[in-house]
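Text of the file run-v9.pdb, holding PDB, C-alpha atoms:
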MODEL        1
ATOM      1  CA  MET A   1     -12.976   2.810  19.131
ATOM      2  CA  HIS A   2     -11.582  -0.658  18.531
ATOM      3  CA  LEU A   3      -9.134  -0.828  15.619
ATOM      4  CA  THR A   4      -7.239  -3.795  14.243
ATOM      5  CA  ILE A   5      -4.345  -3.445  11.805
ATOM      6  CA  VAL A   6      -3.943  -6.734   9.984
ATOM      7  CA  GLY A   7      -0.329  -6.827   8.844
ATOM      8  CA  CYS A   8       2.341  -4.623  10.402
ATOM      9  CA  GLY A   9       4.982  -4.405   7.716
ATOM     10  CA  PHE A  10       6.183  -1.097   6.298
ATOM     11  CA  VAL A  11       2.733   0.524   6.089
ATOM     12  CA  GLY A  12       1.047  -1.080   9.086
ATOM     13  CA  LEU A  13       3.950  -0.183  11.363
ATOM     14  CA  ALA A  14       3.969   3.434  10.130
ATOM     15  CA  LEU A  15       0.246   3.671  10.822
ATOM     16  CA  ALA A  16       0.625   2.214  14.306
ATOM     17  CA  ARG A  17       3.306   4.762  15.098
ATOM     18  CA  GLN A  18       1.180   7.655  13.844
ATOM     19  CA  LEU A  19      -1.685   6.506  16.058
ATOM     20  CA  GLN A  20       0.292   6.702  19.283
ATOM     21  CA  GLY A  21      -0.983  10.186  20.085
ATOM     22  CA  GLU A  22      -4.562   8.867  19.961
ATOM     23  CA  ARG A  23      -4.134   5.764  22.102
ATOM     24  CA  SER A  24      -6.377   7.135  24.851
ATOM     25  CA  GLN A  25      -9.267   7.157  22.364
ATOM     26  CA  LEU A  26      -8.848   3.695  20.881
ATOM     27  CA  THR A  27      -8.128   0.076  21.630
ATOM     28  CA  LEU A  28      -5.484  -0.980  19.146
ATOM     29  CA  THR A  29      -4.750  -4.531  18.042
ATOM     30  CA  LEU A  30      -1.785  -5.264  15.790
ATOM     31  CA  THR A  31      -1.165  -8.527  13.984
ATOM     32  CA  THR A  32       1.961 -10.145  12.645
ATOM     33  CA  THR A  33       2.844 -13.541  11.253
ATOM     34  CA  ARG A  34       6.156 -13.636  13.135
ATOM     35  CA  GLU A  35       6.542 -14.072  16.868
ATOM     36  CA  GLU A  36       9.952 -12.385  16.861
ATOM     37  CA  ARG A  37       8.248  -9.051  16.115
ATOM     38  CA  PHE A  38       6.340  -8.982  19.414
ATOM     39  CA  ALA A  39       9.021  -6.942  21.193
ATOM     40  CA  GLU A  40       8.808  -4.240  18.519
ATOM     41  CA  LEU A  41       5.017  -4.137  18.376
ATOM     42  CA  GLU A  42       3.888  -4.599  21.975
ATOM     43  CA  PRO A  43       4.780  -1.028  23.116
ATOM     44  CA  LEU A  44       2.589   0.320  20.286
ATOM     45  CA  ALA A  45      -0.658  -1.529  20.980
ATOM     46  CA  ASP A  46      -3.092  -2.886  23.531
ATOM     47  CA  HIS A  47      -2.935  -6.330  21.956
ATOM     48  CA  VAL A  48      -0.533  -8.046  19.554
ATOM     49  CA  ARG A  49      -1.586 -11.287  17.922
ATOM     50  CA  ILE A  50      -0.052 -13.845  15.614
ATOM     51  CA  CYS A  51      -2.444 -13.918  12.684
ATOM     52  CA  ASP A  52      -2.531 -15.652   9.348
ATOM     53  CA  ALA A  53      -5.393 -13.749   7.718
ATOM     54  CA  SER A  54      -6.320 -16.781   5.622
ATOM     55  CA  ASP A  55      -6.974 -18.794   8.799
ATOM     56  CA  ALA A  56     -10.484 -18.297  10.147
ATOM     57  CA  ILE A  57      -9.650 -18.916  13.791
ATOM     58  CA  SER A  58      -6.758 -16.454  14.023
ATOM     59  CA  LEU A  59      -8.496 -13.800  11.897
ATOM     60  CA  LYS A  60     -11.657 -13.982  14.012
ATOM     61  CA  GLN A  61      -9.585 -13.567  17.180
ATOM     62  CA  ALA A  62      -7.886 -10.510  15.696
ATOM     63  CA  LEU A  63     -11.187  -8.921  14.609
ATOM     64  CA  CYS A  64     -13.501 -10.069  17.402
ATOM     65  CA  ASN A  65     -13.989  -6.546  18.778
ATOM     66  CA  ALA A  66     -12.851  -4.438  15.825
ATOM     67  CA  GLU A  67     -15.072  -1.645  14.595
ATOM     68  CA  ILE A  68     -12.504  -0.767  11.930
ATOM     69  CA  ALA A  69     -10.120  -3.217  10.272
ATOM     70  CA  VAL A  70      -7.166  -2.028   8.194
ATOM     71  CA  PHE A  71      -5.662  -4.693   5.946
ATOM     72  CA  CYS A  72      -2.025  -3.954   5.105
ATOM     73  CA  LEU A  73      -1.277  -7.371   3.723
ATOM     74  CA  GLY A  74       1.920  -8.578   2.122
ATOM     75  CA  PRO A  75       3.464 -11.967   1.397
ATOM     76  CA  LYS A  76       5.419 -13.450   4.293
ATOM     77  CA  GLY A  77       9.143 -12.704   4.420
ATOM     78  CA  ASP A  78      11.221 -10.481   2.167
ATOM     79  CA  ARG A  79      11.383 -12.728  -0.885
ATOM     80  CA  GLN A  80       9.508 -12.137  -4.114
ATOM     81  CA  VAL A  81       6.623 -14.573  -4.373
ATOM     82  CA  ASP A  82       4.822 -16.028  -7.364
ATOM     83  CA  GLU A  83       1.194 -15.542  -8.293
ATOM     84  CA  ASP A  84       0.099 -18.429  -6.070
ATOM     85  CA  GLY A  85       1.808 -16.789  -3.107
ATOM     86  CA  TYR A  86      -0.051 -13.569  -3.834
ATOM     87  CA  ARG A  87      -3.323 -15.448  -4.145
ATOM     88  CA  ASN A  88      -2.813 -17.058  -0.750
ATOM     89  CA  THR A  89      -2.021 -13.694   0.845
ATOM     90  CA  PHE A  90      -4.884 -11.702  -0.650
ATOM     91  CA  ILE A  91      -7.638 -13.852  -2.155
ATOM     92  CA  ASP A  92      -7.644 -16.521   0.548
ATOM     93  CA  SER A  93      -7.591 -13.851   3.259
ATOM     94  CA  PHE A  94     -10.588 -11.983   1.876
ATOM     95  CA  HIS A  95     -12.554 -15.182   1.309
ATOM     96  CA  CYS A  96     -11.850 -15.903   4.971
ATOM     97  CA  LEU A  97     -12.969 -12.410   6.005
ATOM     98  CA  THR A  98     -16.171 -12.744   3.991
ATOM     99  CA  SER A  99     -17.026 -16.026   5.697
ATOM    100  CA  LEU A 100     -16.537 -14.429   9.124
ATOM    101  CA  LEU A 101     -18.688 -11.334   8.609
ATOM    102  CA  PRO A 102     -21.865 -12.820  10.165
ATOM    103  CA  GLN A 103     -19.819 -13.247  13.359
ATOM    104  CA  LEU A 104     -18.481  -9.671  13.264
ATOM    105  CA  PRO A 105     -21.589  -7.463  13.516
ATOM    106  CA  GLN A 106     -19.634  -4.588  15.097
ATOM    107  CA  LEU A 107     -17.288  -4.215  12.082
ATOM    108  CA  ARG A 108     -18.325  -1.018  10.323
ATOM    109  CA  GLN A 109     -15.361  -0.141   8.079
ATOM    110  CA  ILE A 110     -12.763  -2.150   6.172
ATOM    111  CA  ILE A 111      -9.761  -0.350   4.696
ATOM    112  CA  TYR A 112      -7.474  -2.161   2.272
ATOM    113  CA  THR A 113      -4.150  -0.978   0.887
ATOM    114  CA  SER A 114      -4.128  -2.133  -2.720
ATOM    115  CA  SER A 115      -1.793  -0.943  -5.486
ATOM    116  CA  CYS A 116      -1.812   1.261  -8.571
ATOM    117  CA  SER A 117      -0.367  -1.741 -10.410
ATOM    118  CA  VAL A 118      -3.982  -2.723 -11.127
ATOM    119  CA  TYR A 119      -3.985  -0.106 -13.913
ATOM    120  CA  GLY A 120      -1.197  -1.820 -15.847
ATOM    121  CA  ASP A 121       0.688  -0.024 -18.622
ATOM    122  CA  ALA A 122      -1.187   3.048 -19.872
ATOM    123  CA  GLN A 123       1.565   4.066 -22.343
ATOM    124  CA  GLY A 124       2.303   7.186 -20.339
ATOM    125  CA  GLU A 125      -1.311   8.384 -20.186
ATOM    126  CA  TRP A 126      -3.083   9.573 -17.066
ATOM    127  CA  VAL A 127      -5.251   7.131 -15.108
ATOM    128  CA  SER A 128      -7.786   7.748 -12.364
ATOM    129  CA  GLU A 129     -10.093   5.706 -10.181
ATOM    130  CA  SER A 130     -12.603   5.548 -13.054
ATOM    131  CA  THR A 131     -10.042   4.052 -15.449
ATOM    132  CA  PRO A 132     -10.763   0.347 -16.053
ATOM    133  CA  THR A 133      -8.200  -1.928 -14.434
ATOM    134  CA  ASN A 134      -5.827  -3.630 -16.849
ATOM    135  CA  PRO A 135      -3.091  -5.409 -14.894
ATOM    136  CA  SER A 136       0.076  -6.318 -16.764
ATOM    137  CA  ASN A 137       0.775  -9.543 -14.863
ATOM    138  CA  GLY A 138      -0.674 -12.199 -12.617
ATOM    139  CA  HIS A 139       0.232 -10.348  -9.438
ATOM    140  CA  GLY A 140      -1.796  -7.341 -10.532
ATOM    141  CA  ALA A 141      -4.680  -9.589 -11.543
ATOM    142  CA  VAL A 142      -4.747 -11.041  -8.021
ATOM    143  CA  LEU A 143      -5.050  -7.525  -6.599
ATOM    144  CA  VAL A 144      -7.946  -6.754  -8.957
ATOM    145  CA  ASP A 145      -9.715  -9.893  -7.768
ATOM    146  CA  SER A 146      -8.993  -8.940  -4.155
ATOM    147  CA  GLU A 147     -10.596  -5.551  -4.642
ATOM    148  CA  ALA A 148     -13.651  -7.174  -6.208
ATOM    149  CA  LEU A 149     -14.101  -9.468  -3.205
ATOM    150  CA  LEU A 150     -14.124  -6.491  -0.855
ATOM    151  CA  GLN A 151     -16.348  -4.347  -3.044
ATOM    152  CA  ALA A 152     -18.883  -7.173  -2.968
ATOM    153  CA  ILE A 153     -19.248  -6.889   0.822
ATOM    154  CA  ASP A 154     -19.608  -3.102   0.945
ATOM    155  CA  GLN A 155     -22.908  -1.958   2.406
ATOM    156  CA  PRO A 156     -24.263   1.126   4.213
ATOM    157  CA  THR A 157     -23.524  -0.312   7.647
ATOM    158  CA  ARG A 158     -20.091  -1.691   6.690
ATOM    159  CA  ARG A 159     -18.182   0.506   4.283
ATOM    160  CA  VAL A 160     -15.183  -0.615   2.269
ATOM    161  CA  CYS A 161     -12.378   1.789   1.371
ATOM    162  CA  ILE A 162      -9.704   0.678  -1.102
ATOM    163  CA  LEU A 163      -6.550   2.781  -1.189
ATOM    164  CA  ARG A 164      -4.498   2.184  -4.332
ATOM    165  CA  LEU A 165      -0.941   3.002  -3.373
ATOM    166  CA  GLY A 166       1.935   4.164  -5.533
ATOM    167  CA  ALA A 167       5.437   2.811  -5.015
ATOM    168  CA  LEU A 168       6.462   3.328  -1.406
ATOM    169  CA  HIS A 169       9.394   5.253  -0.014
ATOM    170  CA  GLY A 170      10.347   6.501   3.409
ATOM    171  CA  PRO A 171      12.617   5.545   6.314
ATOM    172  CA  GLY A 172      14.357   2.293   5.449
ATOM    173  CA  ARG A 173      13.235   2.536   1.834
ATOM    174  CA  GLU A 174      14.785   5.800   0.697
ATOM    175  CA  PHE A 175      15.577   6.347  -2.977
ATOM    176  CA  LYS A 176      19.292   6.082  -2.283
ATOM    177  CA  ASP A 177      18.778   2.630  -0.749
ATOM    178  CA  ARG A 178      16.995   1.459  -3.873
ATOM    179  CA  PHE A 179      19.213   2.955  -6.554
ATOM    180  CA  GLN A 180      22.768   3.488  -5.299
ATOM    181  CA  ASN A 181      23.851   0.078  -6.581
ATOM    182  CA  LEU A 182      23.011   1.224 -10.127
ATOM    183  CA  ALA A 183      25.747   3.882 -10.139
ATOM    184  CA  GLY A 184      27.901   3.593 -13.252
ATOM    185  CA  GLN A 185      25.858   0.772 -14.733
ATOM    186  CA  THR A 186      24.400   0.578 -18.221
ATOM    187  CA  ARG A 187      20.726  -0.329 -18.268
ATOM    188  CA  PRO A 188      18.465  -1.234 -21.192
ATOM    189  CA  GLY A 189      15.962   1.303 -22.514
ATOM    190  CA  ARG A 190      15.950   5.062 -22.107
ATOM    191  CA  GLY A 191      14.352   5.266 -18.676
ATOM    192  CA  GLN A 192      11.299   7.092 -19.975
ATOM    193  CA  GLN A 193       8.756   5.052 -18.042
ATOM    194  CA  PHE A 194       6.689   7.112 -15.602
ATOM    195  CA  THR A 195       6.688   6.040 -11.965
ATOM    196  CA  ASN A 196       4.292   7.108  -9.223
ATOM    197  CA  TRP A 197       5.439   7.333  -5.622
ATOM    198  CA  VAL A 198       4.043   8.004  -2.184
ATOM    199  CA  HIS A 199       5.804   8.483   1.128
ATOM    200  CA  VAL A 200       4.793   5.961   3.778
ATOM    201  CA  ASP A 201       3.886   8.822   6.140
ATOM    202  CA  ASP A 202       1.258   9.941   3.617
ATOM    203  CA  VAL A 203      -0.115   6.422   3.315
ATOM    204  CA  ALA A 204      -0.532   6.287   7.085
ATOM    205  CA  GLY A 205      -2.003   9.786   7.033
ATOM    206  CA  ALA A 206      -4.499   8.839   4.332
ATOM    207  CA  ILE A 207      -5.572   5.764   6.299
ATOM    208  CA  LYS A 208      -6.149   7.925   9.378
ATOM    209  CA  ALA A 209      -8.216  10.345   7.284
ATOM    210  CA  ALA A 210     -10.188   7.436   5.828
ATOM    211  CA  MET A 211     -11.073   6.318   9.348
ATOM    212  CA  ALA A 212     -11.901   9.777  10.655
ATOM    213  CA  GLU A 213     -13.929  10.854   7.635
ATOM    214  CA  LYS A 214     -15.464   7.433   6.898
ATOM    215  CA  TRP A 215     -14.159   7.239   3.342
ATOM    216  CA  SER A 216     -15.446   4.526   1.049
ATOM    217  CA  GLY A 217     -14.807   3.434  -2.520
ATOM    218  CA  VAL A 218     -11.502   3.562  -4.377
ATOM    219  CA  ILE A 219      -8.921   6.317  -3.828
ATOM    220  CA  ASN A 220      -5.495   6.644  -5.442
ATOM    221  CA  VAL A 221      -2.812   7.509  -2.884
ATOM    222  CA  VAL A 222       0.184   8.915  -4.760
ATOM    223  CA  ASN A 223       2.105  12.171  -4.664
ATOM    224  CA  ASP A 224       1.416  15.050  -7.053
ATOM    225  CA  GLN A 225       4.227  14.506  -9.547
ATOM    226  CA  PRO A 226       4.789  11.312 -11.531
ATOM    227  CA  ILE A 227       8.451  11.099 -12.471
ATOM    228  CA  ARG A 228      10.270   9.257 -15.232
ATOM    229  CA  ILE A 229      12.549   6.545 -13.927
ATOM    230  CA  ALA A 230      15.619   8.062 -15.613
ATOM    231  CA  GLU A 231      15.111  11.398 -13.853
ATOM    232  CA  LEU A 232      14.454   9.678 -10.545
ATOM    233  CA  ILE A 233      17.610   7.573 -10.677
ATOM    234  CA  ASP A 234      19.788  10.358 -12.086
ATOM    235  CA  ARG A 235      18.734  12.827  -9.395
ATOM    236  CA  THR A 236      19.149  10.223  -6.664
ATOM    237  CA  LEU A 237      22.668   9.293  -7.753
ATOM    238  CA  SER A 238      23.644  12.937  -8.242
ATOM    239  CA  SER A 239      22.450  13.851  -4.749
ATOM    240  CA  GLU A 240      24.682  11.105  -3.354
ATOM    241  CA  GLY A 241      27.680  12.169  -5.468
ATOM    242  CA  LEU A 242      27.616   8.870  -7.350
ATOM    243  CA  GLU A 243      28.420   8.094 -10.970
ATOM    244  CA  PRO A 244      25.356   8.446 -13.256
ATOM    245  CA  ILE A 245      23.647   5.539 -14.911
ATOM    246  CA  GLN A 246      23.976   4.987 -18.654
ATOM    247  CA  TRP A 247      20.960   4.092 -20.760
ATOM    248  CA  GLY A 248      21.052   1.944 -23.897
ATOM    249  CA  ASP A 249      18.140   1.817 -26.337
ATOM    250  CA  ASP A 250      16.152  -1.397 -26.275
ATOM    251  CA  PRO A 251      12.731  -1.473 -27.942
ATOM    252  CA  LYS A 252      11.645  -4.280 -25.614
ATOM    253  CA  THR A 253      11.768  -1.882 -22.662
ATOM    254  CA  ALA A 254       9.993   1.033 -24.339
ATOM    255  CA  SER A 255       6.939   1.077 -22.054
ATOM    256  CA  SER A 256       5.941   4.560 -20.902
ATOM    257  CA  GLY A 257       4.127   3.355 -17.805
ATOM    258  CA  ARG A 258       1.277   5.384 -16.364
ATOM    259  CA  ARG A 259       0.649   8.672 -14.617
ATOM    260  CA  VAL A 260      -1.735   8.291 -11.709
ATOM    261  CA  ARG A 261      -4.085  11.116 -10.764
ATOM    262  CA  ASN A 262      -4.720  11.846  -7.086
ATOM    263  CA  THR A 263      -7.564  14.309  -7.683
ATOM    264  CA  ARG A 264      -9.993  12.417  -5.495
ATOM    265  CA  LEU A 265      -7.509  12.257  -2.611
ATOM    266  CA  HIS A 266      -7.252  16.064  -2.686
ATOM    267  CA  ALA A 267     -11.015  16.480  -3.102
ATOM    268  CA  LEU A 268     -11.519  14.491   0.099
ATOM    269  CA  GLY A 269      -9.386  17.076   1.891
ATOM    270  CA  TYR A 270      -6.157  15.206   2.411
ATOM    271  CA  VAL A 271      -3.059  17.423   2.312
ATOM    272  CA  LEU A 272       0.097  15.565   1.336
ATOM    273  CA  LYS A 273       3.075  15.894   3.642
ATOM    274  CA  HIS A 274       5.354  14.914   0.744
ATOM    275  CA  PRO A 275       3.732  16.211  -2.468
ATOM    276  CA  LYS A 276       6.757  15.317  -4.610
ATOM    277  CA  ALA A 277       9.912  13.244  -4.490
ATOM    278  CA  THR A 278      12.831  14.999  -2.802
ATOM    279  CA  PHE A 279      16.514  14.179  -3.062
TER     280      PHE A 279
ENDMDL
END

Represent the structure from my file as structure tokens, please.
Amino acid sequence: MHLTIVGCGFVGLALARQLQGERSQLTLTLTTTREERFAELEPLADHVRICDASDAISLKQALCNAEIAVFCLGPKGDRQVDEDGYRNTFIDSFHCLTSLLPQLPQLRQIIYTSSCSVYGDAQGEWVSESTPTNPSNGHGAVLVDSEALLQAIDQPTRRVCILRLGALHGPGREFKDRFQNLAGQTRPGRGQQFTNWVHVDDVAGAIKAAMAEKWSGVINVVNDQPIRIAELIDRTLSSEGLEPIQWGDDPKTASSGRRVRNTRLHALGYVLKHPKATF
């Protein structure tokens, strides 16, 4: 099997590492936008390519033999980007992919890691894959449009699987790394907004299952237990022996967020390695 992972950031790298035990059964191509990452990626793959997914020449080279393509896209660098930056990363890349499909007859599955942010604020209610998307900002709207572009190219001989991910944690992005700087601070609101998380090992595991079982359609990839942000931060700081955060009422921050169901993920047979947040 020929597999290309387009984008080897946090998720793509975790997937590449999980695939090492199966290297004898696949030809693996990894892409990056940064030449300085070659030394890290070359031991993990048969081929490593510089690829801007919005550029037809480099994307075609990356996918020329791929039977499965996994798109783990993210804006370049570590900085927050505006809506236009998101549009370049996602929309332009999938327009490019669509234009190349007549030249990629061997491509039979496309897997895309999207985000649960497409649901927007559900005021604390549960959402599932059948819930209409309602993004709260321009970034989320770009992801909705990206999903639509891929859904439009789904067909029986080339299936599209969209994995909507919760917030990511794992090595290098542990809860303590995110929240320890909040110790002793006073923050607006009461921290009652629900958050939905998934460990990066489970994202990689779900992608592997999607390939093996030929999943298609939309699947939420989150753990079993949404958690309010106040509880998450309080338990994180407590586990590190740090001073707790103080909350101050502010009606402008009274959103309750959303609780994301993962019923379909379980129905497809995936067993979470990290079913809940641990501290």

Note to self: Report as number ranges by chain all protein, DNA and RNA residues lying within 10 Å of region 256-265 of chain A, evaluated on only C-alpha atoms, omitting residues in the same chain fewer than 3 positions from it.
What the structure shows: A: 116-117, 119-129, 163-166, 191-197, 206, 218-229, 253, 268-272

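CA of Pro275 (chain A) is positioned 20.6 Å from CA of Ile162 (chain A).
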
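Minimum atom-to-atom distances from A:Gln109, A:Thr236, A:Thr98, A:Thr32 to Gly217 (chain A) were compared using only C-alpha atoms, and the lowest value belongs to A:Gln109.
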
- Message: Could you list, as a PyMOL selection string, every residue within 12 Å of region 178-187 of chain A, counting only C-alpha atoms and ignoring same-chain residues fewer than 5 positions away?
- Response: chain A and resi 167-173+229-250+253

Exercise for the section: List the residues selected by the PyMOL selection byres ((chain A and resi 17) around 12) in the file shown, writing them as a list in words. Expected result: Ile5, Cys8, Gly9, Phe10, Val11, Gly12, Leu13, Ala14, Leu15, Ala16, Gln18, Leu19, Gln20, Gly21, Glu22, Arg23, Leu28, Leu30, Glu40, Leu41, Glu42, Pro43, Leu44, Ala45, Val200, Asp201, Ala204, Gly205 and Lys208 of chain A

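CA of Val160 (chain A) to CA of Asn137 (chain A) spans 25.1 Å [interatomic distance, one decimal].
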
Find the smallest box with edges along x, y and z containing every listed atom of region 165-173 of chain A, then add 3 Å on each side and report centre and edge lengths in Å to one decimal, as lines of an AutoDock Vina configuration file.
center_x = 6.7
center_y = 4.4
center_z = 0.4
size_x = 21.3
size_y = 10.2
size_z = 17.8

Among A:Lys60, A:His95, A:Lys176, A:Arg190, Leu150 (chain A) is approached most closely, using all atoms listed in the file, by A:His95

For this session: May I have the residues within 10 Å of Leu100 (chain A) as a PyMOL selection string, using all atoms listed in the file and disregarding those fewer than 3 positions away in the same chain?
Result: chain A and resi 56-57+59-60+63-64+94-97+103-105

Written selection (C-alpha atoms) as a PDB file, in the frame of the given file:
ATOM      1  CA  ALA A  56     -10.484 -18.297  10.147  1.00  0.00           C
ATOM      2  CA  ILE A  57      -9.650 -18.916  13.791  1.00  0.00           C
ATOM      3  CA  LEU A  59      -8.496 -13.800  11.897  1.00  0.00           C
ATOM      4  CA  LYS A  60     -11.657 -13.982  14.012  1.00  0.00           C
ATOM      5  CA  LEU A  63     -11.187  -8.921  14.609  1.00  0.00           C
ATOM      6  CA  CYS A  64     -13.501 -10.069  17.402  1.00  0.00           C
ATOM      7  CA  PHE A  94     -10.588 -11.983   1.876  1.00  0.00           C
ATOM      8  CA  HIS A  95     -12.554 -15.182   1.309  1.00  0.00           C
ATOM      9  CA  CYS A  96     -11.850 -15.903   4.971  1.00  0.00           C
ATOM     10  CA  LEU A  97     -12.969 -12.410   6.005  1.00  0.00           C
ATOM     11  CA  GLN A 103     -19.819 -13.247  13.359  1.00  0.00           C
ATOM     12  CA  LEU A 104     -18.481  -9.671  13.264  1.00  0.00           C
ATOM     13  CA  PRO A 105     -21.589  -7.463  13.516  1.00  0.00           C
TER      14      PRO A 105
END

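Separating CA of Val144 (chain A) from CA of Ile207 (chain A) is a distance of 19.9 Å.
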
Residue contacts of Gly138 (chain A) (12 Å, all atoms listed in the file) excluding same-chain residues fewer than 5 positions away, as a count of residues only
13
